[in-house]
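J.: For reference, this is structure_24.pdb, and it has PDB, C-alpha atoms, pLDDT in the B column.
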```pdb
ATOM      1  CA  MET A   1       0.000   0.000   0.000  1.00 67.00           C
ATOM      2  CA  SER A   2       1.434   3.344  -1.005  1.00 74.00           C
ATOM      3  CA  HIS A   3       1.558   6.069   1.634  1.00 89.00           C
ATOM      4  CA  GLU A   4       0.815   3.634   4.439  1.00 93.00           C
ATOM      5  CA  GLU A   5       1.535   6.133   7.215  1.00 94.00           C
ATOM      6  CA  GLU A   6      -0.829   8.716   5.727  1.00 95.00           C
ATOM      7  CA  VAL A   7      -3.534   6.084   5.294  1.00 93.00           C
ATOM      8  CA  ARG A   8      -3.059   4.938   8.907  1.00 96.00           C
ATOM      9  CA  SER A   9      -3.409   8.521  10.146  1.00 97.00           C
ATOM     10  CA  ALA A  10      -6.573   9.098   8.113  1.00 96.00           C
ATOM     11  CA  THR A  11      -7.979   5.739   9.232  1.00 97.00           C
ATOM     12  CA  GLU A  12      -7.409   6.610  12.884  1.00 97.00           C
ATOM     13  CA  ALA A  13      -9.124   9.992  12.504  1.00 97.00           C
ATOM     14  CA  LEU A  14     -12.116   8.506  10.695  1.00 97.00           C
ATOM     15  CA  THR A  15     -12.434   5.648  13.184  1.00 96.00           C
ATOM     16  CA  GLU A  16     -12.324   8.097  16.099  1.00 97.00           C
ATOM     17  CA  ALA A  17     -15.198   9.967  14.427  1.00 98.00           C
ATOM     18  CA  GLY A  18     -17.228   6.742  14.362  1.00 97.00           C
ATOM     19  CA  ILE A  19     -16.783   6.077  10.652  1.00 98.00           C
ATOM     20  CA  LEU A  20     -16.202   2.524   9.434  1.00 97.00           C
ATOM     21  CA  VAL A  21     -13.109   2.554   7.243  1.00 97.00           C
ATOM     22  CA  SER A  22     -13.098   0.228   4.248  1.00 97.00           C
ATOM     23  CA  VAL A  23     -10.152  -0.097   1.875  1.00 97.00           C
ATOM     24  CA  PHE A  24     -10.727  -0.978  -1.792  1.00 97.00           C
ATOM     25  CA  LEU A  25      -7.878  -3.170  -2.991  1.00 97.00           C
ATOM     26  CA  ASP A  26      -6.765  -5.732  -5.522  1.00 98.00           C
ATOM     27  CA  PRO A  27      -6.878  -9.408  -4.537  1.00 98.00           C
ATOM     28  CA  ASP A  28      -3.313  -9.392  -3.242  1.00 98.00           C
ATOM     29  CA  LEU A  29      -2.317 -10.790   0.153  1.00 98.00           C
ATOM     30  CA  ALA A  30       0.216  -8.004   0.740  1.00 97.00           C
ATOM     31  CA  GLN A  31      -2.568  -5.437   0.326  1.00 97.00           C
ATOM     32  CA  ILE A  32      -4.787  -7.343   2.773  1.00 98.00           C
ATOM     33  CA  GLU A  33      -1.997  -7.291   5.355  1.00 98.00           C
ATOM     34  CA  ALA A  34      -1.406  -3.570   4.748  1.00 97.00           C
ATOM     35  CA  ALA A  35      -5.115  -2.781   5.184  1.00 98.00           C
ATOM     36  CA  HIS A  36      -5.002  -4.560   8.535  1.00 98.00           C
ATOM     37  CA  ARG A  37      -1.848  -2.693   9.577  1.00 97.00           C
ATOM     38  CA  VAL A  38      -3.413   0.709   8.892  1.00 97.00           C
ATOM     39  CA  GLY A  39      -6.431  -0.148  11.032  1.00 97.00           C
ATOM     40  CA  ALA A  40      -9.130  -0.608   8.403  1.00 98.00           C
ATOM     41  CA  LYS A  41     -12.098  -2.593   9.691  1.00 98.00           C
ATOM     42  CA  GLN A  42     -13.300  -3.687   6.257  1.00 98.00           C
ATOM     43  CA  ILE A  43     -11.796  -4.382   2.873  1.00 98.00           C
ATOM     44  CA  GLU A  44     -13.444  -4.500  -0.519  1.00 99.00           C
ATOM     45  CA  ILE A  45     -11.750  -6.852  -2.935  1.00 99.00           C
ATOM     46  CA  CYS A  46     -11.689  -5.514  -6.482  1.00 99.00           C
ATOM     47  CA  THR A  47     -13.283  -8.037  -8.845  1.00 99.00           C
ATOM     48  CA  ALA A  48     -12.434  -6.120 -12.035  1.00 97.00           C
ATOM     49  CA  ARG A  49     -10.024  -8.748 -13.388  1.00 97.00           C
ATOM     50  CA  TYR A  50     -12.546 -11.523 -12.709  1.00 97.00           C
ATOM     51  CA  ALA A  51     -15.255  -9.459 -14.429  1.00 96.00           C
ATOM     52  CA  GLU A  52     -12.985  -8.908 -17.419  1.00 95.00           C
ATOM     53  CA  LEU A  53     -12.231 -12.628 -17.675  1.00 95.00           C
ATOM     54  CA  THR A  54     -15.922 -13.573 -17.495  1.00 94.00           C
ATOM     55  CA  ASP A  55     -17.052 -10.991 -20.040  1.00 89.00           C
ATOM     56  CA  PRO A  56     -18.305 -12.876 -23.112  1.00 82.00           C
ATOM     57  CA  THR A  57     -16.510 -10.431 -25.409  1.00 81.00           C
ATOM     58  CA  THR A  58     -13.075 -11.183 -23.915  1.00 77.00           C
ATOM     59  CA  HIS A  59     -13.435 -14.966 -23.694  1.00 71.00           C
ATOM     60  CA  GLY A  60     -11.260 -15.574 -20.643  1.00 73.00           C
ATOM     61  CA  GLN A  61      -9.992 -19.125 -20.376  1.00 79.00           C
ATOM     62  CA  SER A  62     -11.565 -21.209 -17.621  1.00 75.00           C
ATOM     63  CA  GLY A  63      -8.141 -21.756 -16.020  1.00 88.00           C
ATOM     64  CA  GLU A  64      -7.666 -18.001 -15.790  1.00 93.00           C
ATOM     65  CA  ILE A  65     -11.115 -17.528 -14.300  1.00 94.00           C
ATOM     66  CA  GLU A  66     -10.528 -20.252 -11.710  1.00 95.00           C
ATOM     67  CA  ALA A  67      -7.121 -18.787 -10.817  1.00 96.00           C
ATOM     68  CA  GLU A  68      -8.655 -15.352 -10.265  1.00 97.00           C
ATOM     69  CA  LEU A  69     -11.446 -16.827  -8.142  1.00 98.00           C
ATOM     70  CA  GLU A  70      -8.789 -18.612  -6.079  1.00 98.00           C
ATOM     71  CA  ARG A  71      -6.889 -15.328  -5.570  1.00 98.00           C
ATOM     72  CA  ILE A  72     -10.081 -13.616  -4.440  1.00 99.00           C
ATOM     73  CA  SER A  73     -10.966 -16.509  -2.136  1.00 99.00           C
ATOM     74  CA  GLU A  74      -7.481 -16.640  -0.612  1.00 99.00           C
ATOM     75  CA  CYS A  75      -7.570 -12.912   0.105  1.00 99.00           C
ATOM     76  CA  ALA A  76     -11.096 -13.067   1.531  1.00 99.00           C
ATOM     77  CA  ASN A  77     -10.061 -15.907   3.825  1.00 98.00           C
ATOM     78  CA  ARG A  78      -6.961 -14.065   5.031  1.00 99.00           C
ATOM     79  CA  ALA A  79      -8.972 -10.914   5.682  1.00 99.00           C
ATOM     80  CA  GLY A  80     -11.449 -12.956   7.691  1.00 98.00           C
ATOM     81  CA  GLU A  81      -8.610 -14.493   9.711  1.00 98.00           C
ATOM     82  CA  LEU A  82      -7.453 -10.959  10.512  1.00 98.00           C
ATOM     83  CA  GLY A  83     -10.936 -10.041  11.734  1.00 98.00           C
ATOM     84  CA  LEU A  84     -11.768  -7.768   8.814  1.00 98.00           C
ATOM     85  CA  LEU A  85     -15.205  -7.478   7.276  1.00 98.00           C
ATOM     86  CA  VAL A  86     -15.026  -8.500   3.623  1.00 99.00           C
ATOM     87  CA  ALA A  87     -16.842  -7.023   0.638  1.00 99.00           C
ATOM     88  CA  ALA A  88     -16.267  -7.488  -3.079  1.00 99.00           C
ATOM     89  CA  GLY A  89     -17.186  -5.549  -6.161  1.00 98.00           C
ATOM     90  CA  HIS A  90     -16.374  -3.938  -9.481  1.00 98.00           C
ATOM     91  CA  GLY A  91     -17.796  -5.164 -12.744  1.00 96.00           C
ATOM     92  CA  LEU A  92     -20.098  -7.743 -11.185  1.00 98.00           C
ATOM     93  CA  THR A  93     -23.076  -8.666 -13.341  1.00 96.00           C
ATOM     94  CA  TYR A  94     -26.100 -10.923 -13.321  1.00 96.00           C
ATOM     95  CA  ARG A  95     -24.030 -13.507 -15.186  1.00 94.00           C
ATOM     96  CA  ASN A  96     -20.854 -13.552 -13.064  1.00 96.00           C
ATOM     97  CA  VAL A  97     -21.946 -12.710  -9.509  1.00 97.00           C
ATOM     98  CA  ALA A  98     -22.848 -16.207  -8.241  1.00 97.00           C
ATOM     99  CA  ALA A  99     -19.259 -17.487  -8.038  1.00 97.00           C
ATOM    100  CA  ILE A 100     -18.175 -14.439  -6.018  1.00 98.00           C
ATOM    101  CA  ALA A 101     -21.239 -14.672  -3.758  1.00 97.00           C
ATOM    102  CA  GLU A 102     -20.236 -18.230  -2.818  1.00 96.00           C
ATOM    103  CA  ILE A 103     -16.878 -17.140  -1.383  1.00 98.00           C
ATOM    104  CA  TYR A 104     -16.778 -17.069   2.391  1.00 95.00           C
ATOM    105  CA  PRO A 105     -16.338 -14.708   4.242  1.00 97.00           C
ATOM    106  CA  ILE A 106     -17.503 -12.187   1.652  1.00 98.00           C
ATOM    107  CA  GLY A 107     -20.533 -10.642   3.325  1.00 97.00           C
ATOM    108  CA  GLU A 108     -21.259  -7.723   1.015  1.00 97.00           C
ATOM    109  CA  LEU A 109     -21.376  -7.353  -2.754  1.00 98.00           C
ATOM    110  CA  ASN A 110     -21.172  -3.888  -4.256  1.00 97.00           C
ATOM    111  CA  ILE A 111     -23.103  -3.938  -7.498  1.00 96.00           C
ATOM    112  CA  GLY A 112     -24.516  -0.788  -8.988  1.00 91.00           C
ATOM    113  CA  HIS A 113     -24.119  -0.188 -12.684  1.00 95.00           C
ATOM    114  CA  ASN A 114     -25.497  -3.519 -13.840  1.00 96.00           C
ATOM    115  CA  ILE A 115     -28.609  -3.250 -11.663  1.00 97.00           C
ATOM    116  CA  VAL A 116     -29.310   0.344 -12.711  1.00 97.00           C
ATOM    117  CA  ALA A 117     -28.826  -0.509 -16.393  1.00 97.00           C
ATOM    118  CA  ARG A 118     -31.246  -3.425 -16.071  1.00 97.00           C
ATOM    119  CA  ALA A 119     -33.691  -1.260 -14.094  1.00 98.00           C
ATOM    120  CA  ALA A 120     -33.929   1.133 -17.025  1.00 98.00           C
ATOM    121  CA  LEU A 121     -35.519  -1.738 -18.951  1.00 98.00           C
ATOM    122  CA  VAL A 122     -37.551  -3.600 -16.322  1.00 98.00           C
ATOM    123  CA  GLY A 123     -37.852  -1.282 -13.305  1.00 98.00           C
ATOM    124  CA  MET A 124     -35.799  -1.189 -10.120  1.00 98.00           C
ATOM    125  CA  GLU A 125     -37.828  -3.707  -8.129  1.00 98.00           C
ATOM    126  CA  ARG A 126     -37.558  -6.399 -10.807  1.00 97.00           C
ATOM    127  CA  ALA A 127     -33.885  -5.621 -11.438  1.00 97.00           C
ATOM    128  CA  VAL A 128     -33.091  -6.076  -7.741  1.00 97.00           C
ATOM    129  CA  ARG A 129     -35.136  -9.283  -7.511  1.00 96.00           C
ATOM    130  CA  GLU A 130     -33.299 -10.643 -10.538  1.00 96.00           C
ATOM    131  CA  MET A 131     -29.927  -9.780  -8.984  1.00 97.00           C
ATOM    132  CA  ILE A 132     -30.895 -11.567  -5.785  1.00 96.00           C
ATOM    133  CA  ALA A 133     -31.777 -14.609  -7.890  1.00 96.00           C
ATOM    134  CA  ALA A 134     -28.431 -14.358  -9.707  1.00 96.00           C
ATOM    135  CA  ILE A 135     -26.562 -14.101  -6.393  1.00 96.00           C
ATOM    136  CA  ASN A 136     -28.340 -17.274  -5.318  1.00 93.00           C
ATOM    137  CA  GLY A 137     -27.184 -19.015  -8.500  1.00 87.00           C
ATOM    138  CA  ARG A 138     -30.341 -18.732 -10.549  1.00 78.00           C
ATOM    139  CA  LEU A 139     -29.599 -16.827 -13.745  1.00 68.00           C
ATOM    140  CA  ILE A 140     -32.203 -14.492 -15.196  1.00 58.00           C
TER     141      ILE A 140
END
```
Starting from the file, give its structure as structure tokens.
T.:
Amino acid sequence: MSHEEEVRSATEALTEAGILVSVFLDPDLAQIEAAHRVGAKQIEICTARYAELTDPTTHGQSGEIEAELERISECANRAGELGLLVAAGHGLTYRNVAAIAEIYPIGELNIGHNIVARAALVGMERAVREMIAAINGRLI
């Protein structure tokens, strides 16, 4: 993590003000450890590479997809061992979210663009219901 001392100082100030500090980071064990060192209480694992690999237009190889899922899982597990809350997000869609949702201890998925884009066609309530179904492994 670049500027670790500055991030620690900001984290302390925010925590003292009662604000939960979450650090958005790549699925890299060194970054998980750094987030813990600076006092973050939550991390959000960036799923952009996974999303890129699962995009039908890029045709990621299944071995690459599985390797990225393993990286995400390993980082989520380490964060959980350190007592951090774990979230994941970036580029998650109705078609790729189920595999991420299965990873313990990920307890929060940050999905926005895909739901809003779908809501423009079918309405927000249906778009959210469909995402819940996708998270539970039932594609729309």
J.: Could you work out how far atom CA of Ile103 of chain A lies from atom CA of Ala133 of chain A, giving the answer in Å with one decimal?
T.: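 According to the coordinates, atom CA of Ala133 of chain A and atom CA of Ile103 of chain A are separated by 16.5 Å.
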J.: Since I can't run it myself right now, could you work out what the PyMOL selection byres ((chain A and resi 26) around 10) selects here and report it as number ranges by chain?
T.: A: 23-25, 27-32, 43-49, 71-72, 75, 88
J.: So how many Å separate atom CA of Ala79 of chain A and atom CA of Ala134 of chain A, to one decimal?
T.: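 Rounded to one decimal, the two atoms are 25.0 Å apart.
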J.: Can you spell out as number ranges by chain the set of residues that the PyMOL selection byres ((chain A and resi 107) around 7) selects in the structure I just provided?
T.: A: 86-87, 105-106, 108-109
J.: Name the residues captured by the PyMOL selection byres ((chain A and resi 137) around 12) when it is applied to the shown file; answer as a list in words.
T.: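 What the PyMOL selection byres ((chain A and resi 137) around 12) grabs from the file is Tyr94, Arg95, Asn96, Val97, Ala98, Ala99, Ile100, Ala101, Glu102, Glu130, Met131, Ile132, Ala133, Ala134, Ile135, Asn136, Arg138, Leu139 and Ile140 of chain A.
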J.: Choose the residue, out of A:Leu14, A:Ser62, A:Gly80, A:Asp55, that has the smallest atom-to-atom separation from Gln42 of chain A; count all atoms listed in the file.
T.: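 For Gln42 of chain A, the nearest of the candidates is A:Gly80.
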J.: Find, counting only C-alpha atoms, the residue in A:Glu5, A:Glu64, A:Glu16, A:Glu33 that gets nearest to Gly83 of chain A.
T.: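 Among A:Glu5, A:Glu64, A:Glu16, A:Glu33, it is A:Glu33 that comes nearest to Gly83 of chain A.
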J.: Rounded to one decimal, what separation in Å do you get between atom CA of Gly112 of chain A and atom CA of Gly89 of chain A?
T.: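 The value is 9.2 Å.
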J.: Write out as a ChimeraX atom specification each polymer residue whose atoms come within 10 Å of Glu4 of chain A, counting all atoms listed in the file; drop sequence neighbours fewer than 5 positions from it.
T.: /A:9-10,34-35,37-38
J.: Please determine, counting all atoms listed in the file, which residue among A:Leu53, A:Arg126, A:Ala117, A:Arg78 has the shortest atom-to-atom distance to Glu66 of chain A.
T.: A:Leu53
J.: Nearest to Leu20 of chain A: which of A:Tyr50, A:Pro56, A:Glu68, A:Leu84 is it, counting all atoms listed in the file?
T.: A:Leu84
J.: Using all atoms of segment 125-136 of chain A listed in the file and a margin of 3 Å per side, can you give the axis-aligned box centre and edge lengths in Å to one decimal, as AutoDock Vina command-line options?
T.:
```
--center_x -32.2 --center_y -10.5 --center_z -8.4 --size_x 17.3 --size_y 19.6 --size_z 12.1
```
J.: Every residue with an atom at most 7 Å from (-14.1, 2.1, 7.6) (file coordinates; only C-alpha atoms) is what I'm after, so could you write them as a compact mmCIF listing (two decimals) with C-alpha atoms, in the coordinates of the input?
T.:
```txt
# COMPACT_ATOMS: atom_id res chain seq x y z
CA THR A 15 -12.43 5.65 13.18
CA ILE A 19 -16.78 6.08 10.65
CA LEU A 20 -16.20 2.52 9.43
CA VAL A 21 -13.11 2.55 7.24
CA SER A 22 -13.10 0.23 4.25
CA ALA A 40 -9.13 -0.61 8.40
CA LYS A 41 -12.10 -2.59 9.69
CA GLN A 42 -13.30 -3.69 6.26
```
J.: Nearest residue to Ala76 of chain A out of A:Tyr104, A:Glu12, A:Asn114, A:Val7, using all atoms listed in the file?
T.: A:Tyr104
